[in-house]
>>> print(open('work04.cif').read())   # mmCIF, C-alpha atoms
data_final
loop_
_atom_site.group_PDB
_atom_site.id
_atom_site.type_symbol
_atom_site.label_atom_id
_atom_site.label_comp_id
_atom_site.auth_asym_id
_atom_site.auth_seq_id
_atom_site.Cartn_x
_atom_site.Cartn_y
_atom_site.Cartn_z
ATOM 1 C CA MET Y 1 16.705 56.417 -33.702
ATOM 2 C CA ASN Y 2 18.290 53.559 -31.799
ATOM 3 C CA PHE Y 3 17.143 49.928 -31.626
ATOM 4 C CA THR Y 4 15.003 50.450 -28.501
ATOM 5 C CA SER Y 5 13.190 53.384 -30.110
ATOM 6 C CA LEU Y 6 12.511 51.363 -33.266
ATOM 7 C CA ILE Y 7 11.092 48.461 -31.245
ATOM 8 C CA LEU Y 8 8.743 50.780 -29.354
ATOM 9 C CA ALA Y 9 7.655 52.497 -32.584
ATOM 10 C CA LEU Y 10 6.968 49.120 -34.197
ATOM 11 C CA ALA Y 11 4.935 48.018 -31.177
ATOM 12 C CA ILE Y 12 2.788 51.170 -31.361
ATOM 13 C CA VAL Y 13 2.283 50.907 -35.118
ATOM 14 C CA ALA Y 14 1.348 47.217 -34.861
ATOM 15 C CA GLY Y 15 -1.783 48.286 -33.008
ATOM 16 C CA GLN Y 16 -4.322 45.466 -32.788
ATOM 17 C CA LEU Y 17 -2.810 43.431 -35.626
ATOM 18 C CA ILE Y 18 -0.321 41.518 -33.470
ATOM 19 C CA LYS Y 19 -1.682 40.085 -30.234
ATOM 20 C CA ILE Y 20 -1.956 36.888 -28.229
ATOM 21 C CA PRO Y 21 -5.636 35.886 -28.391
ATOM 22 C CA ILE Y 22 -7.070 35.074 -24.967
ATOM 23 C CA GLY Y 23 -10.831 34.788 -24.974
ATOM 24 C CA SER Y 24 -12.272 37.908 -26.591
ATOM 25 C CA GLY Y 25 -9.109 39.927 -25.918
ATOM 26 C CA GLY Y 26 -5.473 39.364 -25.108
ATOM 27 C CA PRO Y 27 -2.207 41.326 -24.825
ATOM 28 C CA THR Y 28 -0.986 43.135 -27.930
ATOM 29 C CA LEU Y 29 2.603 43.478 -29.083
ATOM 30 C CA PHE Y 30 2.622 46.909 -27.436
ATOM 31 C CA ASP Y 31 1.512 45.428 -24.085
ATOM 32 C CA LEU Y 32 4.233 42.774 -24.255
ATOM 33 C CA THR Y 33 6.874 45.322 -25.288
ATOM 34 C CA VAL Y 34 5.991 47.646 -22.408
ATOM 35 C CA GLY Y 35 6.155 44.740 -19.948
ATOM 36 C CA ILE Y 36 9.566 43.595 -21.219
ATOM 37 C CA PHE Y 37 10.911 47.167 -21.201
ATOM 38 C CA CYS Y 38 9.728 47.618 -17.603
ATOM 39 C CA PHE Y 39 11.543 44.435 -16.541
ATOM 40 C CA ILE Y 40 14.758 45.450 -18.316
ATOM 41 C CA GLY Y 41 14.483 49.016 -17.020
ATOM 42 C CA ILE Y 42 14.265 47.922 -13.373
ATOM 43 C CA ILE Y 43 17.410 45.820 -13.801
ATOM 44 C CA ARG Y 44 19.252 48.675 -15.502
ATOM 45 C CA ILE Y 45 18.629 51.267 -12.793
ATOM 46 C CA ASN Y 46 18.610 48.721 -9.934
ATOM 47 C CA PHE Y 47 15.487 50.324 -8.392
ATOM 48 C CA LYS Y 48 17.191 53.735 -8.227
ATOM 49 C CA PHE Y 49 14.290 55.849 -9.440
ATOM 50 C CA LYS Y 50 14.395 59.579 -9.840
ATOM 51 C CA LYS Y 51 11.769 61.613 -8.010
ATOM 52 C CA PRO Y 52 8.790 61.414 -10.393
ATOM 53 C CA PRO Y 53 7.483 64.603 -12.020
ATOM 54 C CA VAL Y 54 3.964 65.852 -11.340
ATOM 55 C CA TYR Y 55 2.356 64.078 -14.296
ATOM 56 C CA ILE Y 56 3.786 60.704 -13.185
ATOM 57 C CA LYS Y 57 2.664 61.298 -9.587
ATOM 58 C CA THR Y 58 -0.833 62.196 -10.781
ATOM 59 C CA ALA Y 59 -1.071 59.039 -12.868
ATOM 60 C CA LEU Y 60 0.135 56.888 -9.953
ATOM 61 C CA VAL Y 61 -2.522 58.448 -7.712
ATOM 62 C CA PHE Y 62 -5.122 57.590 -10.350
ATOM 63 C CA VAL Y 63 -3.938 53.968 -10.407
ATOM 64 C CA ALA Y 64 -4.115 53.776 -6.599
ATOM 65 C CA VAL Y 65 -7.642 55.193 -6.577
ATOM 66 C CA GLY Y 66 -8.618 52.776 -9.359
ATOM 67 C CA LEU Y 67 -7.427 49.816 -7.293
ATOM 68 C CA LEU Y 68 -9.257 51.057 -4.197
ATOM 69 C CA SER Y 69 -12.356 51.606 -6.285
ATOM 70 C CA LEU Y 70 -12.214 48.030 -7.534
ATOM 71 C CA LEU Y 71 -11.478 46.652 -4.054
ATOM 72 C CA PHE Y 72 -14.511 48.360 -2.509
ATOM 73 C CA THR Y 73 -16.801 48.198 -5.527
ATOM 74 C CA PRO Y 74 -20.545 47.933 -4.744
ATOM 75 C CA LEU Y 75 -20.964 45.689 -7.802
ATOM 76 C CA ASN Y 76 -21.226 41.937 -7.465
ATOM 77 C CA LEU Y 77 -18.434 40.993 -9.838
ATOM 78 C CA GLN Y 78 -17.558 37.452 -10.803
ATOM 79 C CA PRO Y 79 -13.898 36.469 -10.211
ATOM 80 C CA VAL Y 80 -13.144 36.586 -13.953
ATOM 81 C CA GLU Y 81 -14.654 40.096 -14.169
ATOM 82 C CA SER Y 82 -12.488 41.290 -11.283
ATOM 83 C CA LEU Y 83 -9.440 39.739 -12.943
ATOM 84 C CA ILE Y 84 -10.160 41.535 -16.220
ATOM 85 C CA SER Y 85 -10.513 44.849 -14.371
ATOM 86 C CA ILE Y 86 -7.227 44.298 -12.549
ATOM 87 C CA LEU Y 87 -5.474 43.499 -15.841
ATOM 88 C CA TYR Y 88 -6.730 46.754 -17.376
ATOM 89 C CA THR Y 89 -5.403 48.607 -14.333
ATOM 90 C CA LEU Y 90 -2.083 46.738 -14.614
ATOM 91 C CA ARG Y 91 -1.833 47.674 -18.302
ATOM 92 C CA PHE Y 92 -2.356 51.343 -17.500
ATOM 93 C CA PHE Y 93 0.133 51.195 -14.612
ATOM 94 C CA SER Y 94 2.791 49.488 -16.761
ATOM 95 C CA ILE Y 95 2.670 52.313 -19.308
ATOM 96 C CA ILE Y 96 3.008 54.938 -16.561
ATOM 97 C CA PHE Y 97 5.762 52.899 -14.924
ATOM 98 C CA LEU Y 98 7.682 52.730 -18.203
ATOM 99 C CA GLY Y 99 7.417 56.507 -18.426
ATOM 100 C CA TRP Y 100 8.911 56.760 -14.944
ATOM 101 C CA LEU Y 101 11.737 54.382 -15.931
ATOM 102 C CA ILE Y 102 12.497 56.451 -19.042
ATOM 103 C CA PHE Y 103 12.488 59.599 -16.895
ATOM 104 C CA SER Y 104 14.913 57.821 -14.513
ATOM 105 C CA ASP Y 105 17.368 57.236 -17.415
ATOM 106 C CA ALA Y 106 16.807 53.486 -17.694
ATOM 107 C CA PHE Y 107 16.772 53.992 -21.470
ATOM 108 C CA PRO Y 108 18.851 57.143 -22.170
ATOM 109 C CA GLU Y 109 18.735 56.775 -25.969
ATOM 110 C CA LEU Y 110 14.971 56.220 -25.929
ATOM 111 C CA LYS Y 111 14.564 59.245 -23.660
ATOM 112 C CA LYS Y 112 16.573 61.323 -26.103
ATOM 113 C CA ASN Y 113 14.592 60.102 -29.107
ATOM 114 C CA LEU Y 114 11.145 59.804 -27.516
ATOM 115 C CA GLY Y 115 9.684 62.696 -29.504
ATOM 116 C CA LYS Y 116 10.990 61.231 -32.769
ATOM 117 C CA THR Y 117 9.717 57.785 -31.799
ATOM 118 C CA LEU Y 118 6.178 59.052 -31.255
ATOM 119 C CA LEU Y 119 6.421 61.197 -34.377
ATOM 120 C CA VAL Y 120 7.457 58.280 -36.596
ATOM 121 C CA SER Y 121 4.721 56.152 -35.012
ATOM 122 C CA GLY Y 122 2.032 58.749 -35.688
ATOM 123 C CA ILE Y 123 3.069 59.383 -39.280
ATOM 124 C CA SER Y 124 3.331 55.640 -39.964
ATOM 125 C CA LEU Y 125 -0.145 55.087 -38.512
ATOM 126 C CA SER Y 126 -1.443 57.909 -40.706
ATOM 127 C CA ILE Y 127 0.021 56.349 -43.855
ATOM 128 C CA LEU Y 128 -1.279 52.893 -42.947
ATOM 129 C CA GLY Y 129 -4.666 54.388 -42.137
ATOM 130 C CA ILE Y 130 -4.976 56.111 -45.499
ATOM 131 C CA LEU Y 131 -3.919 52.898 -47.269
ATOM 132 C CA GLN Y 132 -6.520 50.980 -45.248
ATOM 133 C CA LEU Y 133 -9.184 53.488 -46.284
ATOM 134 C CA ILE Y 134 -8.245 53.067 -49.952
ATOM 135 C CA PHE Y 135 -7.827 49.293 -50.122
ATOM 136 C CA LEU Y 136 -9.967 48.066 -47.220
ATOM 137 C CA PRO Y 137 -12.694 50.647 -46.518
ATOM 138 C CA ASP Y 138 -15.313 48.113 -45.370
ATOM 139 C CA LEU Y 139 -14.475 46.633 -41.962
ATOM 140 C CA ARG Y 140 -17.937 45.313 -41.212
ATOM 141 C CA PHE Y 141 -16.633 41.742 -41.540
ATOM 142 C CA LEU Y 142 -14.836 42.298 -38.205
ATOM 143 C CA MET Y 143 -18.169 42.357 -36.358
ATOM 144 C CA GLN Y 144 -17.877 38.588 -35.883
ATOM 145 C CA PHE Y 145 -14.707 39.217 -33.843
ATOM 146 C CA GLY Y 146 -16.344 41.807 -31.581
ATOM 147 C CA TRP Y 147 -15.361 44.995 -33.440
ATOM 148 C CA ASP Y 148 -17.695 47.820 -34.420
ATOM 149 C CA PRO Y 149 -18.937 47.797 -38.050
ATOM 150 C CA HIS Y 150 -16.857 50.673 -39.432
ATOM 151 C CA TYR Y 151 -17.360 51.590 -43.073
ATOM 152 C CA PHE Y 152 -15.286 54.018 -45.156
ATOM 153 C CA ARG Y 153 -13.453 55.390 -42.126
ATOM 154 C CA THR Y 154 -9.754 55.482 -41.302
ATOM 155 C CA THR Y 155 -9.068 53.138 -38.406
ATOM 156 C CA SER Y 156 -5.445 52.273 -39.200
ATOM 157 C CA THR Y 157 -4.033 49.345 -37.221
ATOM 158 C CA PHE Y 158 -5.999 50.416 -34.126
ATOM 159 C CA LEU Y 159 -9.189 49.171 -35.866
ATOM 160 C CA ASP Y 160 -11.012 52.030 -34.170
ATOM 161 C CA PRO Y 161 -11.433 55.504 -35.708
ATOM 162 C CA ASN Y 162 -11.840 57.236 -32.348
ATOM 163 C CA PHE Y 163 -8.595 55.942 -30.800
ATOM 164 C CA ALA Y 164 -6.764 56.406 -34.099
ATOM 165 C CA GLY Y 165 -8.114 59.960 -34.350
ATOM 166 C CA ALA Y 166 -6.923 60.757 -30.824
ATOM 167 C CA PHE Y 167 -3.419 59.541 -31.713
ATOM 168 C CA PHE Y 168 -3.471 61.648 -34.891
ATOM 169 C CA VAL Y 169 -4.358 64.729 -32.824
ATOM 170 C CA LEU Y 170 -1.413 64.070 -30.512
ATOM 171 C CA THR Y 171 0.857 63.577 -33.533
ATOM 172 C CA PHE Y 172 -0.338 66.876 -34.997
ATOM 173 C CA LEU Y 173 0.487 68.608 -31.725
ATOM 174 C CA LEU Y 174 3.916 66.978 -31.684
ATOM 175 C CA LEU Y 175 4.599 68.045 -35.272
ATOM 176 C CA LEU Y 176 3.895 71.659 -34.366
ATOM 177 C CA SER Y 177 6.024 71.489 -31.226
ATOM 178 C CA LEU Y 178 9.098 70.137 -33.033
ATOM 179 C CA ARG Y 179 11.244 72.317 -35.234
ATOM 180 C CA ALA Y 180 11.264 71.583 -38.948
ATOM 181 C CA ASN Y 181 14.815 70.204 -38.887
ATOM 182 C CA GLU Y 182 13.805 67.709 -36.171
ATOM 183 C CA VAL Y 183 10.948 66.467 -38.350
ATOM 184 C CA ARG Y 184 13.342 65.979 -41.261
ATOM 185 C CA ALA Y 185 15.826 64.162 -39.038
ATOM 186 C CA ALA Y 186 13.108 61.858 -37.713
ATOM 187 C CA ILE Y 187 12.099 60.742 -41.197
ATOM 188 C CA SER Y 188 15.550 61.041 -42.810
ATOM 189 C CA LEU Y 189 14.662 61.710 -46.455
ATOM 190 C CA LYS Y 190 17.119 64.123 -48.029
ATOM 191 C CA LYS Y 191 15.672 64.843 -51.488
ATOM 192 C CA ILE Y 192 12.395 66.287 -50.267
ATOM 193 C CA ALA Y 193 13.652 67.408 -46.875
ATOM 194 C CA SER Y 194 12.310 70.931 -47.275
ATOM 195 C CA LEU Y 195 8.797 69.604 -47.885
ATOM 196 C CA LEU Y 196 8.719 66.979 -45.140
ATOM 197 C CA PRO Y 197 7.151 69.064 -42.330
ATOM 198 C CA LEU Y 198 4.296 70.203 -44.567
ATOM 199 C CA LEU Y 199 3.906 66.724 -46.058
ATOM 200 C CA ALA Y 200 3.774 65.148 -42.593
ATOM 201 C CA LEU Y 201 1.169 67.661 -41.382
ATOM 202 C CA THR Y 202 -0.926 67.037 -44.499
ATOM 203 C CA LEU Y 203 -0.818 63.247 -44.104
ATOM 204 C CA VAL Y 204 -1.785 63.381 -40.431
ATOM 205 C CA TYR Y 205 -4.564 65.894 -41.110
ATOM 206 C CA LEU Y 206 -6.009 63.739 -43.914
ATOM 207 C CA ALA Y 207 -5.887 60.681 -41.679
ATOM 208 C CA LEU Y 208 -7.655 62.611 -38.914
ATOM 209 C CA LEU Y 209 -10.240 63.970 -41.355
ATOM 210 C CA THR Y 210 -11.102 60.542 -42.730
ATOM 211 C CA THR Y 211 -11.675 58.998 -39.301
ATOM 212 C CA PHE Y 212 -14.949 60.978 -39.379
ATOM 213 C CA SER Y 213 -14.810 60.827 -35.594
ATOM 214 C CA ARG Y 214 -16.614 63.684 -33.890
ATOM 215 C CA GLY Y 215 -14.793 62.905 -30.659
ATOM 216 C CA ALA Y 216 -11.401 63.209 -32.372
ATOM 217 C CA TYR Y 217 -12.500 66.445 -34.053
ATOM 218 C CA LEU Y 218 -13.524 67.855 -30.668
ATOM 219 C CA ALA Y 219 -10.181 66.765 -29.193
ATOM 220 C CA PHE Y 220 -8.441 68.612 -32.032
ATOM 221 C CA LEU Y 221 -10.435 71.806 -31.411
ATOM 222 C CA VAL Y 222 -9.961 71.805 -27.630
ATOM 223 C CA SER Y 223 -6.256 70.898 -27.821
ATOM 224 C CA PHE Y 224 -5.326 73.525 -30.376
ATOM 225 C CA LEU Y 225 -7.455 76.283 -28.878
ATOM 226 C CA GLY Y 226 -5.728 75.504 -25.582
ATOM 227 C CA LEU Y 227 -2.346 75.648 -27.312
ATOM 228 C CA SER Y 228 -3.305 78.942 -28.963
ATOM 229 C CA PHE Y 229 -4.253 80.368 -25.562
ATOM 230 C CA LEU Y 230 -0.997 79.243 -23.947
ATOM 231 C CA LYS Y 231 1.063 80.638 -26.818
ATOM 232 C CA LYS Y 232 -1.143 83.745 -26.990
ATOM 233 C CA SER Y 233 -1.208 83.266 -30.758
ATOM 234 C CA PHE Y 234 -4.130 84.767 -32.676
ATOM 235 C CA ARG Y 235 -2.679 83.306 -35.892
ATOM 236 C CA LEU Y 236 -2.790 79.781 -34.485
ATOM 237 C CA THR Y 237 -6.361 80.365 -33.330
ATOM 238 C CA VAL Y 238 -7.410 81.337 -36.857
ATOM 239 C CA ILE Y 239 -5.607 78.325 -38.346
ATOM 240 C CA THR Y 240 -7.277 76.050 -35.779
ATOM 241 C CA VAL Y 241 -10.757 77.355 -36.638
ATOM 242 C CA ILE Y 242 -10.102 76.959 -40.388
ATOM 243 C CA LEU Y 243 -8.804 73.406 -39.998
ATOM 244 C CA PHE Y 244 -11.711 72.494 -37.710
ATOM 245 C CA CYS Y 245 -14.172 73.852 -40.272
ATOM 246 C CA GLY Y 246 -12.425 71.633 -42.838
ATOM 247 C CA LEU Y 247 -12.956 68.629 -40.572
ATOM 248 C CA MET Y 248 -16.638 69.385 -40.072
ATOM 249 C CA THR Y 249 -17.128 69.980 -43.816
ATOM 250 C CA GLY Y 250 -15.584 66.585 -44.500
ATOM 251 C CA PHE Y 251 -17.899 64.994 -41.949
ATOM 252 C CA PHE Y 252 -20.921 66.649 -43.594
ATOM 253 C CA PHE Y 253 -20.020 65.219 -46.995
ATOM 254 C CA TYR Y 254 -19.321 61.797 -45.484
ATOM 255 C CA GLN Y 255 -22.672 61.808 -43.710
ATOM 256 C CA ASN Y 256 -24.652 62.774 -46.810
ATOM 257 C CA LEU Y 257 -22.717 61.067 -49.603
ATOM 258 C CA VAL Y 258 -21.427 57.908 -47.928
ATOM 259 C CA ALA Y 259 -23.191 57.078 -44.663
ATOM 260 C CA GLU Y 260 -26.856 57.836 -45.386
ATOM 261 C CA PRO Y 261 -27.006 56.299 -48.916
ATOM 262 C CA ARG Y 262 -25.595 53.055 -47.499
ATOM 263 C CA GLY Y 263 -27.755 52.981 -44.386
ATOM 264 C CA VAL Y 264 -24.901 53.708 -41.968
ATOM 265 C CA ASN Y 265 -26.695 55.264 -38.993
ATOM 266 C CA ARG Y 266 -24.249 57.662 -37.333
ATOM 267 C CA GLU Y 267 -27.056 59.176 -35.245
ATOM 268 C CA GLU Y 268 -27.504 55.821 -33.536
ATOM 269 C CA SER Y 269 -23.820 55.878 -32.637
ATOM 270 C CA ALA Y 270 -24.255 59.337 -31.123
ATOM 271 C CA GLU Y 271 -27.283 58.146 -29.129
ATOM 272 C CA PHE Y 272 -25.283 55.211 -27.733
ATOM 273 C CA ARG Y 273 -22.503 57.594 -26.678
ATOM 274 C CA LEU Y 274 -24.987 59.937 -25.020
ATOM 275 C CA GLY Y 275 -26.456 56.942 -23.204
ATOM 276 C CA THR Y 276 -22.977 56.014 -21.973
ATOM 277 C CA TRP Y 277 -22.457 59.553 -20.638
ATOM 278 C CA GLN Y 278 -25.804 59.415 -18.849
ATOM 279 C CA GLN Y 279 -24.874 56.075 -17.315
ATOM 280 C CA GLY Y 280 -21.548 57.526 -16.188
ATOM 281 C CA LEU Y 281 -23.315 60.495 -14.586
ATOM 282 C CA LYS Y 282 -25.672 58.146 -12.756
ATOM 283 C CA LEU Y 283 -22.743 56.093 -11.468
ATOM 284 C CA PHE Y 284 -21.100 59.292 -10.260
ATOM 285 C CA GLN Y 285 -24.264 60.417 -8.460
ATOM 286 C CA TYR Y 286 -24.487 57.203 -6.462
ATOM 287 C CA ASN Y 287 -20.748 56.438 -6.117
ATOM 288 C CA SER Y 288 -19.075 59.829 -6.243
ATOM 289 C CA ILE Y 289 -16.131 59.084 -3.919
ATOM 290 C CA LEU Y 290 -14.437 55.951 -5.284
ATOM 291 C CA GLY Y 291 -16.679 54.928 -8.168
ATOM 292 C CA VAL Y 292 -17.389 51.270 -8.945
ATOM 293 C CA GLY Y 293 -13.973 50.051 -10.117
ATOM 294 C CA PHE Y 294 -11.640 50.944 -12.997
ATOM 295 C CA ASN Y 295 -12.941 49.116 -16.101
#
>>> encode(input="work04.cif", output="structure tokens")
Amino acid sequence: MNFTSLILALAIVAGQLIKIPIGSGGPTLFDLTVGIFCFIGIIRINFKFKKPPVYIKTALVFVAVGLLSLLFTPLNLQPVESLISILYTLRFFSIIFLGWLIFSDAFPELKKNLGKTLLVSGISLSILGILQLIFLPDLRFLMQFGWDPHYFRTTSTFLDPNFAGAFFVLTFLLLLSLRANEVRAAISLKKIASLLPLLALTLVYLALLTTFSRGAYLAFLVSFLGLSFLKKSFRLTVITVILFCGLMTGFFFYQNLVAEPRGVNREESAEFRLGTWQQGLKLFQYNSILGVGFN
């Protein structure tokens, strides 16, 4: 991994721990890194972009629709609310734009090592998450700063088990897509090189398990069943079902041995999420063309 790859990995792993506080939010180290990389990338390629692939085009269309949706929103937003929405859109666009720059060879070494960069980031987040669960399982003190009162759940540096769980699922997918020798090369430990792929999978799976996030579990099931279908692999389907059953068993024990005895109401969390879905459906019914504005 080159210097650029290490900087990006560090920015991802930093999560919510390093940020510039502005009001109740503010840009994180990752946001700042992406912005700086975009600026440097434009200078490097001198605006000579390659024709974007389909996934970049799709994301750019989404950004355009999001801006139109915000411009013609039926909501009576205050100027500061509109500004916040635009900044969220700008953050999303900057990430997509960086992807386009990498695709256009603005950062050839980063492009070459992108899989390893994401792999190292995911494994590092898994390790930090497990350490957080062991040494700092009670995050309810963060409620005063606007965070949810998570207890005995892996949140890692994201401070959110659902987002962390989603990243763990993506890391698990990446681990399976890379060959064993690539995993060893990414971590560069010679003595236990033969055990590294299995060790990495185990760490990421444990981190995912201990998020106790039903949304992340569902993402795991859908992603790996989809992968099994594409690969036409019955073996992978069986492994997916077994691992998913392990996740649900872990959630059952967490619910009965940790959450309920301590008055942690996970059903209330599920009801809030269902309410959010219902609100989203209502918004779609009345504003089905452009919506009401991204974020």
>>> closest_atom_pairs(input="work04.cif", of="region 239-281 of chain Y", to="region 197-207 of chain Y", cutoff="12 Å", atoms="all atoms listed in the file", output="Markdown table")
| residue | atom | partner | partner_atom | distance |
| --- | --- | --- | --- | --- |
| Y:Thr240 | CA | Y:Tyr205 | CA | 11.8 |
| Y:Leu243 | CA | Y:Tyr205 | CA | 8.7 |
| Y:Phe244 | CA | Y:Tyr205 | CA | 10.3 |
| Y:Gly246 | CA | Y:Tyr205 | CA | 9.9 |
| Y:Leu247 | CA | Y:Tyr205 | CA | 8.8 |
| Y:Gly250 | CA | Y:Leu206 | CA | 10.0 |
>>> closest_residue(input="work04.cif", among="Y:Leu10, Y:Ala166, Y:Leu283, Y:Ile84", to="Gly26 (chain Y)", atoms="all atoms listed in the file")
Y:Ile84
>>> atom_distance(input="work04.cif", atom1="CA of Ile239 (chain Y)", atom2="CA of Phe158 (chain Y)")
28.2 Å
>>> closest_residue(input="work04.cif", among="Y:Leu119, Y:Leu83, Y:Val34, Y:Leu6", to="Gly99 (chain Y)", atoms="all atoms listed in the file")
Y:Val34
>>> atom_distance(input="work04.cif", atom1="CA of Ala11 (chain Y)", atom2="CA of Arg44 (chain Y)")
21.2 Å
>>> atom_distance(input="work04.cif", atom1="CA of Lys50 (chain Y)", atom2="CA of Ser104 (chain Y)")
5.0 Å
>>> resolve_selection(input="work04.cif", expression="the PyMOL selection byres ((chain Y and resi 255) around 12)", output="list of chain:residue names")
Y:Tyr151, Y:Phe152, Y:Arg153, Y:Thr210, Y:Phe212, Y:Ser213, Y:Arg214, Y:Met248, Y:Thr249, Y:Gly250, Y:Phe251, Y:Phe252, Y:Phe253, Y:Tyr254, Y:Asn256, Y:Leu257, Y:Val258, Y:Ala259, Y:Glu260, Y:Pro261, Y:Arg262, Y:Gly263, Y:Val264, Y:Asn265, Y:Arg266, Y:Glu267
>>> write_last_selection(input="work04.cif", atoms="C-alpha atoms", output="compact mmCIF listing (two decimals), keeping the file's coordinate frame")
# COMPACT_ATOMS: atom_id res chain seq x y z
CA TYR Y 151 -17.36 51.59 -43.07
CA PHE Y 152 -15.29 54.02 -45.16
CA ARG Y 153 -13.45 55.39 -42.13
CA THR Y 210 -11.10 60.54 -42.73
CA PHE Y 212 -14.95 60.98 -39.38
CA SER Y 213 -14.81 60.83 -35.59
CA ARG Y 214 -16.61 63.68 -33.89
CA MET Y 248 -16.64 69.39 -40.07
CA THR Y 249 -17.13 69.98 -43.82
CA GLY Y 250 -15.58 66.58 -44.50
CA PHE Y 251 -17.90 64.99 -41.95
CA PHE Y 252 -20.92 66.65 -43.59
CA PHE Y 253 -20.02 65.22 -47.00
CA TYR Y 254 -19.32 61.80 -45.48
CA ASN Y 256 -24.65 62.77 -46.81
CA LEU Y 257 -22.72 61.07 -49.60
CA VAL Y 258 -21.43 57.91 -47.93
CA ALA Y 259 -23.19 57.08 -44.66
CA GLU Y 260 -26.86 57.84 -45.39
CA PRO Y 261 -27.01 56.30 -48.92
CA ARG Y 262 -25.60 53.06 -47.50
CA GLY Y 263 -27.76 52.98 -44.39
CA VAL Y 264 -24.90 53.71 -41.97
CA ASN Y 265 -26.70 55.26 -38.99
CA ARG Y 266 -24.25 57.66 -37.33
CA GLU Y 267 -27.06 59.18 -35.24
>>> closest_residue(input="work04.cif", among="Y:Leu221, Y:Leu118, Y:Met1, Y:Ile96", to="Cys38 (chain Y)", atoms="all atoms listed in the file")
Y:Ile96
>>> residues_around(input="work04.cif", residues="Asp148 (chain Y)", least_positions_apart="4", cutoff="9 Å", atoms="only C-alpha atoms", output="list of chain:residue names")
Y:Leu139, Y:Arg140, Y:Leu142, Y:Met143, Y:Leu159, Y:Asp160
>>> closest_residue(input="work04.cif", among="Y:Ile18, Y:Leu8, Y:Leu208, Y:Ile56", to="Thr117 (chain Y)", atoms="all atoms listed in the file")
Y:Leu8
>>> resolve_selection(input="work04.cif", expression="the PyMOL selection byres ((chain Y and resi 73) around 10)", output="list of chain:residue names")
Y:Leu67, Y:Leu68, Y:Ser69, Y:Leu70, Y:Leu71, Y:Phe72, Y:Pro74, Y:Leu75, Y:Asn76, Y:Leu77, Y:Ser82, Y:Asn287, Y:Leu290, Y:Gly291, Y:Val292, Y:Gly293, Y:Phe294
>>> residues_around(input="work04.cif", residues="Leu170 (chain Y)", least_positions_apart="6", cutoff="9 Å", atoms="all atoms listed in the file", output="ChimeraX atom specification")
/Y:122,220,223
>>> resolve_selection(input="work04.cif", expression="the PyMOL selection byres ((chain Y and resi 2) around 12)", output="ChimeraX atom specification")
/Y:1,3-9,107-114,116-117,186
